[in-house]
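Student: Just so it is clear, I am handing over my_file34.txt, which has compact mmCIF, C-alpha atoms and all ligand atoms.
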# COMPACT_ATOMS: atom_id res chain seq x y z
CA MET A 220 118.86 35.41 -14.45
CA TYR A 221 115.85 33.84 -16.11
CA TYR A 222 112.32 34.17 -14.76
CA SER A 223 108.97 33.10 -16.14
CA LYS A 224 105.85 34.96 -17.07
CA ILE A 225 102.35 34.06 -18.26
CA THR A 226 101.99 35.59 -21.73
CA GLY A 227 98.88 33.97 -23.19
CA LEU A 228 95.64 32.60 -21.74
CA GLY A 229 92.75 30.67 -23.22
CA TYR A 230 89.80 28.57 -22.18
CA TYR A 231 87.19 26.36 -23.72
CA VAL A 232 84.00 24.96 -22.20
CA PRO A 233 81.52 22.62 -23.91
CA GLU A 234 78.38 24.30 -25.28
CA ASN A 235 76.02 22.03 -23.35
CA ILE A 236 74.76 24.02 -20.32
CA VAL A 237 73.24 21.93 -17.52
CA THR A 238 71.27 23.84 -14.89
CA ASN A 239 70.44 22.74 -11.37
CA HIS A 240 66.86 22.26 -12.53
CA ASP A 241 68.11 19.86 -15.22
CA LEU A 242 69.78 17.76 -12.49
CA GLU A 243 66.53 17.66 -10.48
CA LYS A 244 65.15 15.39 -13.22
CA TYR A 245 67.74 12.68 -12.52
CA MET A 246 68.24 12.78 -8.76
CA ASP A 247 66.80 13.79 -5.43
CA THR A 248 68.21 17.30 -5.21
CA SER A 249 66.99 20.87 -5.70
CA ASP A 250 68.15 24.09 -7.25
CA ALA A 251 67.80 25.74 -3.81
CA TRP A 252 70.00 23.11 -2.08
CA ILE A 253 72.74 23.31 -4.70
CA ARG A 254 72.80 27.14 -4.70
CA GLU A 255 72.75 27.40 -0.95
CA ARG A 256 75.40 24.70 -0.28
CA SER A 257 77.75 25.40 -3.18
CA GLY A 258 76.80 28.61 -5.02
CA ILE A 259 76.59 26.67 -8.29
CA GLU A 260 73.84 27.62 -10.75
CA GLN A 261 74.92 25.76 -13.87
CA ARG A 262 77.81 23.78 -15.35
CA ARG A 263 78.88 22.39 -18.74
CA PHE A 264 78.73 18.70 -19.66
CA PHE A 265 80.64 17.42 -22.69
CA LYS A 266 79.01 15.61 -25.60
CA GLU A 267 80.57 12.37 -26.78
CA GLY A 268 81.95 12.80 -30.28
CA GLU A 269 82.33 16.58 -29.87
CA ASP A 270 84.89 16.96 -27.09
CA THR A 271 87.47 14.97 -25.16
CA VAL A 272 89.89 16.11 -22.47
CA ALA A 273 92.64 16.31 -25.11
CA THR A 274 90.58 18.17 -27.73
CA MET A 275 89.26 20.66 -25.16
CA GLY A 276 92.85 21.17 -24.00
CA ALA A 277 93.87 21.77 -27.62
CA LYS A 278 91.12 24.36 -28.13
CA ALA A 279 92.13 26.27 -24.99
CA SER A 280 95.82 25.96 -25.96
CA SER A 281 95.29 27.33 -29.48
CA ILE A 282 93.72 30.46 -28.02
CA ALA A 283 96.47 30.84 -25.40
CA LEU A 284 99.23 30.40 -28.02
CA GLU A 285 97.66 32.92 -30.37
CA ARG A 286 97.36 35.47 -27.55
CA ALA A 287 100.99 34.84 -26.56
CA GLY A 288 101.95 35.45 -30.19
CA ILE A 289 103.81 32.15 -30.60
CA SER A 290 103.18 29.12 -32.78
CA PRO A 291 102.94 25.52 -31.49
CA GLU A 292 106.36 24.84 -33.11
CA GLU A 293 107.93 27.20 -30.59
CA VAL A 294 106.65 25.33 -27.51
CA ASP A 295 109.33 23.32 -25.66
CA MET A 296 107.15 21.37 -23.25
CA ILE A 297 103.52 20.50 -22.50
CA VAL A 298 102.43 20.08 -18.89
CA PHE A 299 98.94 18.60 -18.78
CA ALA A 300 96.95 18.45 -15.55
CA THR A 301 93.87 16.23 -15.45
CA LEU A 302 92.17 13.63 -13.25
CA SER A 303 90.05 12.48 -16.18
CA PRO A 304 92.45 11.49 -19.00
CA ASP A 305 91.09 10.22 -22.33
CA TYR A 306 92.96 6.92 -21.76
CA ASN A 307 94.29 5.23 -18.61
CA PHE A 308 97.55 5.39 -20.50
CA PRO A 309 99.17 7.04 -22.37
CA GLY A 310 98.64 10.42 -20.77
CA SER A 311 96.78 13.39 -22.22
CA GLY A 312 99.95 15.42 -22.88
CA VAL A 313 100.88 13.22 -25.85
CA LEU A 314 97.30 13.29 -27.14
CA LEU A 315 97.48 17.07 -27.14
CA GLN A 316 100.95 16.94 -28.74
CA ARG A 317 99.48 15.28 -31.85
CA LEU A 318 96.52 17.65 -32.16
CA LEU A 319 98.50 20.83 -32.89
CA PRO A 320 101.70 21.19 -34.93
CA PHE A 321 104.07 20.88 -31.97
CA ARG A 322 107.58 19.51 -32.40
CA GLU A 323 108.51 16.19 -30.74
CA ILE A 324 108.64 17.88 -27.35
CA ALA A 325 108.35 16.78 -23.72
CA ALA A 326 104.75 16.03 -22.72
CA LEU A 327 104.15 15.50 -19.02
CA ASP A 328 100.88 14.59 -17.28
CA ILE A 329 100.39 15.51 -13.66
CA ARG A 330 98.00 13.90 -11.23
CA THR A 331 97.32 16.24 -8.34
CA GLN A 332 93.66 16.95 -9.17
CA CYS A 333 92.46 20.38 -7.95
CA THR A 334 96.01 21.67 -7.50
CA GLY A 335 97.15 20.28 -10.87
CA PHE A 336 97.31 23.64 -12.61
CA ILE A 337 99.43 25.29 -9.89
CA TYR A 338 101.71 22.23 -9.73
CA GLY A 339 102.01 22.53 -13.53
CA LEU A 340 102.79 26.22 -13.34
CA SER A 341 105.50 25.49 -10.79
CA ILE A 342 107.03 22.83 -13.05
CA ALA A 343 106.99 25.28 -15.98
CA ASP A 344 108.59 27.95 -13.79
CA GLN A 345 111.42 25.61 -12.69
CA PHE A 346 112.24 24.45 -16.23
CA ILE A 347 112.33 28.05 -17.45
CA ARG A 348 114.38 29.37 -14.53
CA THR A 349 117.08 26.74 -15.04
CA GLY A 350 117.37 27.83 -18.68
CA MET A 351 116.33 24.46 -20.06
CA TYR A 352 113.16 25.72 -21.79
CA ARG A 353 111.86 29.03 -23.11
CA ASN A 354 108.19 28.31 -23.75
CA VAL A 355 106.03 25.92 -21.72
CA LEU A 356 102.33 25.26 -22.24
CA VAL A 357 100.39 24.46 -19.05
CA VAL A 358 96.94 22.95 -19.53
CA GLY A 359 94.15 21.91 -17.16
CA SER A 360 91.30 19.98 -18.76
CA GLU A 361 88.56 17.77 -17.35
CA VAL A 362 85.62 15.63 -18.46
CA GLN A 363 84.03 14.70 -15.13
CA SER A 364 80.38 14.43 -16.10
CA ASN A 365 80.83 10.76 -17.07
CA ILE A 366 82.78 9.86 -13.90
CA PHE A 367 79.87 10.39 -11.56
CA GLU A 368 76.42 8.89 -11.89
CA LYS A 369 73.49 11.17 -12.69
CA SER A 370 71.37 9.59 -9.96
CA THR A 371 70.63 10.12 -6.28
CA ARG A 372 73.45 7.67 -5.51
CA GLY A 373 75.85 9.90 -7.44
CA ARG A 374 74.53 13.27 -6.34
CA ASP A 375 77.44 14.17 -4.02
CA PHE A 376 79.56 14.65 -7.12
CA ALA A 377 76.97 15.27 -9.80
CA VAL A 378 75.83 18.60 -8.35
CA LEU A 379 79.34 19.98 -7.84
CA PHE A 380 81.51 19.04 -10.82
CA GLY A 381 81.61 20.11 -14.46
CA ASP A 382 83.68 19.89 -17.64
CA GLY A 383 86.03 22.43 -19.24
CA ALA A 384 89.59 23.38 -20.09
CA GLY A 385 92.03 26.24 -19.62
CA ALA A 386 95.59 26.80 -20.81
CA VAL A 387 98.40 29.28 -20.34
CA VAL A 388 101.67 29.91 -22.15
CA VAL A 389 104.57 30.45 -19.74
CA GLN A 390 107.60 32.14 -21.27
CA ARG A 391 111.11 33.09 -20.30
CA THR A 392 111.58 36.70 -19.20
CA GLU A 393 114.56 38.59 -17.84
CA ASP A 394 112.30 41.19 -16.21
CA PRO A 395 112.75 40.67 -12.44
CA GLU A 396 109.56 42.59 -11.63
CA HIS A 397 106.76 41.15 -13.78
CA ARG A 398 106.87 37.40 -13.39
CA ILE A 399 105.87 34.37 -11.36
CA LEU A 400 107.37 35.35 -8.02
CA SER A 401 107.06 32.00 -6.26
CA THR A 402 105.12 28.75 -6.06
CA HIS A 403 104.47 26.58 -3.00
CA LEU A 404 103.34 22.96 -3.25
CA HIS A 405 102.12 20.68 -0.44
CA SER A 406 100.55 17.29 0.20
CA GLU A 407 99.26 15.18 3.09
CA GLY A 408 98.64 11.67 1.77
CA LYS A 409 97.06 10.37 4.94
CA TYR A 410 93.82 11.89 3.66
CA ALA A 411 94.03 10.24 0.21
CA GLU A 412 90.87 8.20 0.79
CA ASP A 413 88.77 11.24 1.78
CA LEU A 414 88.35 12.20 -1.88
CA MET A 415 89.14 9.51 -4.40
CA LEU A 416 88.13 7.29 -7.27
CA GLU A 417 89.45 3.85 -6.35
CA HIS A 418 88.27 1.54 -9.11
CA PRO A 419 89.36 0.36 -11.55
CA GLY A 420 92.77 0.48 -9.84
CA SER A 421 95.76 -1.81 -9.60
CA ARG A 422 95.44 -2.82 -5.95
CA LEU A 423 93.13 -5.77 -6.63
CA GLN A 424 93.94 -8.92 -8.61
CA ASP A 425 90.87 -8.22 -10.73
CA ARG A 426 90.58 -4.60 -11.75
CA LEU A 427 87.02 -5.20 -12.89
CA TRP A 428 84.39 -7.63 -11.69
CA PRO A 429 80.85 -8.34 -12.89
CA THR A 430 78.89 -6.68 -10.04
CA MET A 431 81.16 -3.64 -9.78
CA VAL A 432 78.68 -1.16 -11.26
CA GLU A 433 75.80 -2.52 -9.22
CA GLU A 434 77.90 -2.08 -6.06
CA GLY A 435 78.81 1.47 -7.13
CA LYS A 436 82.54 0.69 -6.86
CA HIS A 437 83.24 2.62 -10.07
CA LEU A 438 82.05 5.89 -8.47
CA PRO A 439 84.20 8.55 -6.79
CA VAL A 440 83.81 9.01 -3.04
CA MET A 441 84.14 12.17 -0.97
CA ARG A 442 83.93 12.95 2.72
CA GLY A 443 82.56 16.39 1.93
CA SER A 444 82.71 17.89 5.40
CA ALA A 445 86.34 16.75 5.95
CA VAL A 446 87.38 18.24 2.62
CA PHE A 447 85.54 21.44 3.47
CA LYS A 448 87.20 21.75 6.88
CA HIS A 449 90.74 21.12 5.61
CA ALA A 450 90.20 23.48 2.68
CA LEU A 451 89.28 26.32 5.04
CA GLN A 452 92.56 25.78 6.88
CA ARG A 453 94.93 25.11 3.96
CA PHE A 454 93.77 27.87 1.56
CA PRO A 455 94.69 30.71 3.97
CA GLU A 456 97.97 28.97 4.89
CA ALA A 457 98.99 28.66 1.24
CA ILE A 458 98.01 32.26 0.47
CA MET A 459 99.90 33.64 3.48
CA GLU A 460 102.94 31.51 2.66
CA SER A 461 103.11 33.02 -0.83
CA LEU A 462 102.76 36.58 0.47
CA GLU A 463 105.17 36.23 3.40
CA THR A 464 107.86 34.57 1.27
CA ASN A 465 107.85 37.67 -0.92
CA ASN A 466 107.55 40.15 1.97
CA TYR A 467 104.02 41.21 1.11
CA THR A 468 100.89 41.43 3.24
CA LEU A 469 97.22 40.93 2.41
CA ALA A 470 96.94 44.68 1.87
CA ASP A 471 99.26 44.35 -1.14
CA LEU A 472 97.11 41.72 -2.82
CA ASP A 473 95.13 42.90 -5.85
CA LEU A 474 93.49 39.63 -6.79
CA LEU A 475 93.04 36.17 -5.29
CA ILE A 476 91.95 33.45 -7.71
CA PRO A 477 91.02 30.46 -5.58
CA HIS A 478 90.38 27.01 -7.02
CA GLN A 479 86.61 26.84 -7.50
CA ALA A 480 85.40 23.98 -5.26
CA ASN A 481 82.53 25.61 -3.45
CA LEU A 482 81.48 29.27 -3.20
CA ARG A 483 81.14 28.78 0.57
CA ILE A 484 84.81 27.76 0.75
CA SER A 485 85.88 30.82 -1.26
CA LYS A 486 83.70 33.10 0.86
CA GLY A 487 85.00 31.47 4.06
CA VAL A 488 88.61 32.05 2.98
CA GLN A 489 87.79 35.63 1.96
CA GLU A 490 86.21 36.29 5.35
CA LYS A 491 89.04 34.66 7.30
CA LEU A 492 91.59 36.84 5.48
CA GLY A 493 89.44 39.97 5.53
CA LEU A 494 89.55 40.44 1.75
CA ARG A 495 87.10 42.64 -0.14
CA ASP A 496 84.77 41.22 -2.82
CA ASP A 497 86.77 42.91 -5.59
CA GLN A 498 89.94 41.10 -4.41
CA VAL A 499 88.51 37.60 -4.96
CA TYR A 500 87.36 36.14 -8.30
CA ASN A 501 84.74 33.40 -8.43
CA ASN A 502 83.05 31.81 -11.43
CA ILE A 503 81.86 28.53 -9.90
CA GLN A 504 78.29 29.79 -10.33
CA ARG A 505 78.61 29.19 -14.09
CA TYR A 506 80.92 26.17 -14.38
CA GLY A 507 80.82 24.20 -11.12
CA ASN A 508 84.10 22.65 -10.04
CA THR A 509 86.18 21.87 -13.15
CA THR A 510 89.12 20.61 -11.03
CA ALA A 511 92.45 21.26 -12.84
CA ALA A 512 90.72 23.66 -15.24
CA THR A 513 89.17 26.08 -12.73
CA ILE A 514 92.12 28.43 -12.28
CA PRO A 515 93.18 28.73 -15.95
CA ILE A 516 89.52 29.26 -16.97
CA ALA A 517 89.22 32.01 -14.36
CA LEU A 518 92.51 33.61 -15.41
CA ALA A 519 91.50 33.60 -19.09
CA GLU A 520 88.08 35.06 -18.28
CA LEU A 521 89.69 37.86 -16.28
CA TRP A 522 92.10 38.57 -19.15
CA GLU A 523 89.19 38.75 -21.60
CA ALA A 524 87.36 41.16 -19.28
CA ASP A 525 90.52 43.33 -19.21
CA ARG A 526 90.79 42.82 -15.46
CA LEU A 527 94.43 41.69 -15.44
CA LYS A 528 96.50 44.87 -15.32
CA GLU A 529 100.23 45.36 -15.33
CA ASP A 530 101.78 45.54 -11.83
CA GLN A 531 98.88 43.76 -10.11
CA LEU A 532 99.82 41.29 -7.40
CA ILE A 533 97.86 38.09 -8.07
CA CYS A 534 97.67 34.99 -5.91
CA LEU A 535 96.48 31.61 -7.19
CA ALA A 536 95.58 29.06 -4.52
CA ALA A 537 94.13 25.57 -4.55
CA PHE A 538 93.20 22.68 -2.28
CA GLY A 539 91.84 19.25 -3.11
CA SER A 540 92.12 15.49 -3.42
CA GLY A 541 95.33 14.02 -2.05
CA PHE A 542 95.06 16.08 0.03
CA THR A 543 97.21 18.54 -1.89
CA TRP A 544 97.32 22.31 -1.64
CA ALA A 545 99.37 24.94 -3.44
CA SER A 546 99.79 28.62 -4.22
CA ALA A 547 101.48 30.83 -6.78
CA LEU A 548 102.20 34.53 -6.46
CA ILE A 549 102.46 36.54 -9.66
CA ARG A 550 103.39 40.16 -10.35
CA TRP A 551 101.44 40.70 -13.57
O1 LIG A 601 87.94 20.50 -5.12
C1 LIG A 601 87.74 19.84 -3.91
C2 LIG A 601 86.54 19.02 -4.10
N1 LIG A 601 85.50 19.03 -3.19
C3 LIG A 601 85.18 19.96 -2.25
O2 LIG A 601 85.83 20.92 -2.01
C4 LIG A 601 83.91 19.68 -1.50
C5 LIG A 601 83.94 20.22 -0.12
N2 LIG A 601 82.69 19.95 0.56
C6 LIG A 601 81.55 20.59 0.24
O3 LIG A 601 81.54 21.41 -0.64
C7 LIG A 601 80.31 20.27 1.03
O4 LIG A 601 80.63 19.43 2.11
C8 LIG A 601 79.18 19.62 0.18
C9 LIG A 601 78.63 20.64 -0.81
C10 LIG A 601 79.71 18.40 -0.55
C11 LIG A 601 78.04 19.19 1.07
O5 LIG A 601 77.55 20.28 1.81
P1 LIG A 601 77.23 20.14 3.35
O6 LIG A 601 76.70 21.43 3.80
O7 LIG A 601 78.45 19.58 4.02
O8 LIG A 601 76.03 19.10 3.33
P2 LIG A 601 75.94 17.66 4.01
O9 LIG A 601 76.76 16.67 3.26
O10 LIG A 601 76.17 17.80 5.49
O11 LIG A 601 74.43 17.32 3.78
C12 LIG A 601 73.37 18.10 4.36
C13 LIG A 601 72.03 17.49 3.96
C14 LIG A 601 71.92 16.01 4.28
O12 LIG A 601 70.59 15.77 4.64
P3 LIG A 601 70.18 15.63 6.21
O13 LIG A 601 71.04 14.53 6.73
O14 LIG A 601 70.51 16.97 6.81
O15 LIG A 601 68.73 15.33 6.14
C15 LIG A 601 72.17 15.37 2.94
O16 LIG A 601 71.54 14.12 2.81
O17 LIG A 601 71.82 17.63 2.56
C16 LIG A 601 71.57 16.35 1.96
N3 LIG A 601 72.23 16.31 0.66
C17 LIG A 601 71.66 16.74 -0.47
N4 LIG A 601 70.44 17.22 -0.73
C18 LIG A 601 70.17 17.59 -2.00
C19 LIG A 601 73.50 15.94 0.40
N5 LIG A 601 73.77 16.09 -0.90
C20 LIG A 601 72.65 16.60 -1.46
C21 LIG A 601 72.29 17.00 -2.77
N6 LIG A 601 71.06 17.49 -3.00
N7 LIG A 601 73.18 16.92 -3.80
Is it possible to give me this structure as structure tokens?
Ligand code: UT7
Tutor:
Amino acid sequence: MYYSKITGLGYYVPENIVTNHDLEKYMDTSDAWIRERSGIEQRRFFKEGEDTVATMGAKASSIALERAGISPEEVDMIVFATLSPDYNFPGSGVLLQRLLPFREIAALDIRTQCTGFIYGLSIADQFIRTGMYRNVLVVGSEVQSNIFEKSTRGRDFAVLFGDGAGAVVVQRTEDPEHRILSTHLHSEGKYAEDLMLEHPGSRLQDRLWPTMVEEGKHLPVMRGSAVFKHALQRFPEAIMESLETNNYTLADLDLLIPHQANLRISKGVQEKLGLRDDQVYNNIQRYGNTTAATIPIALAELWEADRLKEDQLICLAAFGSGFTWASALIRW
């Protein structure tokens, strides 16, 4: 029997730190509002010419590969999660493929936004368990700071989202104990329009039109309170599903790493499940919401802080645009 295991973790965030006070200069907001409503204190914004989604993914991947002790030539597949690809097409997986000395391997982009990393991990797990691949690289990378507008009109997004990348190497193991135990993936497309970036899209005859920017049609839209409400329901469901499937209870859980959308959501989930502070990891204070990158950045930070110990039971959980939600349970 083949199983899969995370063997290397890395992350990269742009150097450019943007505080809440910096945002106050561009829009009607305040450090106090942002901290109180989201827990965010600062985030990173990329600099054109220095970073792209693909190059940030490559930097995080190089670190993850080195820590896994394998070379790019040994990777069998790239799974790249992003909502902010360098190009509309081709995807970011192939752009990463050419940045490091990979072979001519499979490169797959996935488009499930905040749950992209867990969906990617699940894909890696399936390909490894069937015996098709030994080594899969799963990457989450986002440049979101140029999607929203740094203005009062764009503040719904501007205060919450940031840029960054994380990557993990998933490898075949025959150890039935220490591995990815299960993944659970869900969607409910009837809420697609509650958190979306519609234009430029293919639904209209003209993808672009002269007054588009003036009308703000190029900006993402979010029904924040609806997202918040659904998140508070779906996070606990996904976490409990992963535990119950494996015959565990909340008491067995060593660490929950929730997707970092809002500290109030993480705290709400923690409270609902009765988890202690040391059982839940949050870093949104420093990076904001980096969408597909939040969970691999958090995992890599925990590894660097020597907080991932053998035998720990770790749950990853995410909710976001789609709506999609997902969980993964890992025995480290
Ligand atoms: O990965 C998934 C992605 N997204 C999420 O998970 C987001 C989920 N939703 C949320 O995190 C929250 O709904 C938000 C942080 C987006 C908003 O928090 P809220 O507590 O739901 O605030 P609100 O939208 O109800 O706005 C409260 C007030 C309003 O003013 P009035 O009507 O009370 O006078 C807003 O106009 O705050 C005002 N406001 C702001 N003020 C300063 C809204 N956005 C801002 C802002 N800065 N950025």
Student: Taking a cut-off of 8 Å and counting all atoms listed in the file, can you build a table that, for each residue of chain A near ligand LIG 601 (chain A), reports the nearest atom pair and how far apart they are in Å (one decimal), sorted by chain then residue number, as JSON lines?
Tutor:
{"residue": "A:Met246", "atom": "CA", "partner": "A:LIG601", "partner_atom": "N6", "distance": 8.0}
{"residue": "A:Asp247", "atom": "CA", "partner": "A:LIG601", "partner_atom": "C18", "distance": 6.1}
{"residue": "A:Thr248", "atom": "CA", "partner": "A:LIG601", "partner_atom": "N6", "distance": 3.6}
{"residue": "A:Ser249", "atom": "CA", "partner": "A:LIG601", "partner_atom": "C18", "distance": 5.9}
{"residue": "A:Trp252", "atom": "CA", "partner": "A:LIG601", "partner_atom": "C18", "distance": 5.5}
{"residue": "A:Ile253", "atom": "CA", "partner": "A:LIG601", "partner_atom": "N6", "distance": 6.3}
{"residue": "A:Arg256", "atom": "CA", "partner": "A:LIG601", "partner_atom": "C9", "distance": 5.2}
{"residue": "A:Ser257", "atom": "CA", "partner": "A:LIG601", "partner_atom": "C9", "distance": 5.4}
{"residue": "A:Gln332", "atom": "CA", "partner": "A:LIG601", "partner_atom": "O1", "distance": 7.9}
{"residue": "A:Cys333", "atom": "CA", "partner": "A:LIG601", "partner_atom": "O1", "distance": 5.3}
{"residue": "A:Thr371", "atom": "CA", "partner": "A:LIG601", "partner_atom": "N7", "distance": 7.7}
{"residue": "A:Arg374", "atom": "CA", "partner": "A:LIG601", "partner_atom": "N7", "distance": 4.6}
{"residue": "A:Asp375", "atom": "CA", "partner": "A:LIG601", "partner_atom": "N7", "distance": 5.1}
{"residue": "A:Phe376", "atom": "CA", "partner": "A:LIG601", "partner_atom": "N7", "distance": 7.5}
{"residue": "A:Ala377", "atom": "CA", "partner": "A:LIG601", "partner_atom": "N7", "distance": 7.3}
{"residue": "A:Val378", "atom": "CA", "partner": "A:LIG601", "partner_atom": "N7", "distance": 5.5}
{"residue": "A:Leu379", "atom": "CA", "partner": "A:LIG601", "partner_atom": "C9", "distance": 7.1}
{"residue": "A:Leu414", "atom": "CA", "partner": "A:LIG601", "partner_atom": "C2", "distance": 7.4}
{"residue": "A:Met441", "atom": "CA", "partner": "A:LIG601", "partner_atom": "N1", "distance": 7.3}
{"residue": "A:Arg442", "atom": "CA", "partner": "A:LIG601", "partner_atom": "O4", "distance": 7.3}
{"residue": "A:Gly443", "atom": "CA", "partner": "A:LIG601", "partner_atom": "O4", "distance": 3.6}
{"residue": "A:Ser444", "atom": "CA", "partner": "A:LIG601", "partner_atom": "O4", "distance": 4.2}
{"residue": "A:Ala445", "atom": "CA", "partner": "A:LIG601", "partner_atom": "N2", "distance": 7.3}
{"residue": "A:Val446", "atom": "CA", "partner": "A:LIG601", "partner_atom": "C5", "distance": 4.8}
{"residue": "A:Phe447", "atom": "CA", "partner": "A:LIG601", "partner_atom": "C5", "distance": 4.1}
{"residue": "A:Lys448", "atom": "CA", "partner": "A:LIG601", "partner_atom": "C5", "distance": 7.9}
{"residue": "A:Ala450", "atom": "CA", "partner": "A:LIG601", "partner_atom": "O2", "distance": 6.9}
{"residue": "A:His478", "atom": "CA", "partner": "A:LIG601", "partner_atom": "O1", "distance": 7.2}
{"residue": "A:Gln479", "atom": "CA", "partner": "A:LIG601", "partner_atom": "O1", "distance": 6.9}
{"residue": "A:Ala480", "atom": "CA", "partner": "A:LIG601", "partner_atom": "O1", "distance": 4.3}
{"residue": "A:Asn481", "atom": "CA", "partner": "A:LIG601", "partner_atom": "O3", "distance": 5.1}
{"residue": "A:Arg483", "atom": "CA", "partner": "A:LIG601", "partner_atom": "O3", "distance": 7.5}
{"residue": "A:Ile484", "atom": "CA", "partner": "A:LIG601", "partner_atom": "O3", "distance": 7.3}
{"residue": "A:Asn508", "atom": "CA", "partner": "A:LIG601", "partner_atom": "O1", "distance": 6.6}
{"residue": "A:Thr510", "atom": "CA", "partner": "A:LIG601", "partner_atom": "O1", "distance": 6.0}
{"residue": "A:Phe538", "atom": "CA", "partner": "A:LIG601", "partner_atom": "O1", "distance": 6.4}
{"residue": "A:Gly539", "atom": "CA", "partner": "A:LIG601", "partner_atom": "C1", "distance": 4.2}
{"residue": "A:Ser540", "atom": "CA", "partner": "A:LIG601", "partner_atom": "C1", "distance": 6.2}
Student: Pick out the residues sitting within 7 Å of Leu548 of chain A, and hand them over as a count of residues only; count all atoms listed in the file, and ignore anything fewer than 2 positions along from it in its own chain.
Tutor: 10
Student: May I ask for the distance between atom CA of Glu529 of chain A and atom CA of Asp473 of chain A, given in Å to one decimal place?
Tutor: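 So the two atoms, atom CA of Glu529 of chain A and atom CA of Asp473 of chain A, lie 11.0 Å apart.
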Student: Excluding Thr226 of chain A and its own-chain neighbours fewer than 2 positions away, which residues fall within 12 Å of it when counting only C-alpha atoms? Please give them as an MDAnalysis selection string.
Tutor: chainID A and resid 223:224 228:229 282:289 353:357 386:392 397:399 518:519 522 527 529 551
Student: With all atoms listed in the file as the basis for distance, which of A:Met275, A:Met220, A:Ile342, A:Ile337 is at the shortest distance from Leu318 of chain A?
Tutor: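 The shortest atom-to-atom distance to Leu318 of chain A comes from A:Met275.
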Student: To one decimal place, how far is atom CA of Asp344 of chain A from atom CA of Ile324 of chain A in Å?
Tutor: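 Atom-to-atom, atom CA of Asp344 of chain A to atom CA of Ile324 of chain A, that is 16.9 Å.
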Student: By how many Å are atom CA of Glu292 of chain A and atom CA of Pro320 of chain A apart?
Tutor: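 Those two atoms sit 6.2 Å apart.
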Student: Point out the residue among A:Arg262, A:Lys278, A:Arg426, A:Arg348 with the least atom-to-atom distance to Gln363 of chain A, counting all atoms listed in the file.
Tutor: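 Ranked by minimum distance to Gln363 of chain A, first place goes to A:Arg262.
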Student: Box for segment 502-508 of chain A: with edges along x, y and z, all listed atoms inside and 3 Å added on each side, what are the centre and edge lengths in Å to one decimal, as lines of an AutoDock Vina configuration file?
Tutor:
center_x = 81.2
center_y = 27.2
center_z = -12.1
size_x = 11.8
size_y = 15.2
size_z = 10.5
Student: Quick one: residues within 8 Å of Ala277 of chain A, all atoms listed in the file, excluding same-chain residues fewer than 4 positions away - as a list in words?
Tutor: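 In the requested form, the answer reads Ala273, Ser281, Leu315, Leu318 and Leu319 of chain A.
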Student: Which of these residues is nearest to Met351 of chain A, using only C-alpha atoms: A:Tyr222, A:Pro309, A:Thr509, A:Ala470?
Tutor: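 With only C-alpha atoms as the atom set, the closest residue is A:Tyr222.
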Student: With distances taken over only C-alpha atoms, which residue among A:Asn465, A:Gln504, A:Ser485, A:Gln316 lies nearest Ala536 of chain A?
Tutor: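 Counting only C-alpha atoms, the residue closest to Ala536 of chain A is A:Ser485.
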Student: Tell me which protein, DNA and RNA residues are within 10 Å of Glu323 of chain A, counting only C-alpha atoms, leaving out same-chain ones fewer than 4 positions away, and put them as an mmCIF file with C-alpha atoms, in the frame of the given file.
Tutor:
data_model
loop_
_atom_site.group_PDB
_atom_site.id
_atom_site.type_symbol
_atom_site.label_atom_id
_atom_site.label_comp_id
_atom_site.auth_asym_id
_atom_site.auth_seq_id
_atom_site.Cartn_x
_atom_site.Cartn_y
_atom_site.Cartn_z
ATOM 1 C CA GLU A 292 106.360 24.840 -33.110
ATOM 2 C CA VAL A 294 106.650 25.330 -27.510
ATOM 3 C CA ASP A 295 109.330 23.320 -25.660
ATOM 4 C CA MET A 296 107.150 21.370 -23.250
ATOM 5 C CA VAL A 313 100.880 13.220 -25.850
ATOM 6 C CA GLN A 316 100.950 16.940 -28.740
ATOM 7 C CA ARG A 317 99.480 15.280 -31.850
#
Student: Report as a list in words all protein, DNA and RNA residues lying within 8 Å of Trp544 of chain A, evaluated on all atoms listed in the file, omitting residues in the same chain fewer than 4 positions from it.
Tutor: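 The contact residues come out as Thr334, Leu404, His405, Ser406, Arg453, Phe454, Ala457, Ala536, Ala537, Phe538 and Gly539 of chain A.
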Student: Under the rule that only C-alpha atoms are counted, which of A:Glu456, A:Glu490, A:Asp382, A:Glu396 is the nearest residue to Ala512 of chain A?
Tutor: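 Nearest to Ala512 of chain A: A:Asp382.
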Student: Between A:Gly350, A:Gly383, A:Gly276, A:Gly339, which is the closest to Leu314 of chain A once you count all atoms listed in the file?
Tutor: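 Going through A:Gly350, A:Gly383, A:Gly276, A:Gly339 one by one, the smallest distance to Leu314 of chain A is for A:Gly276.
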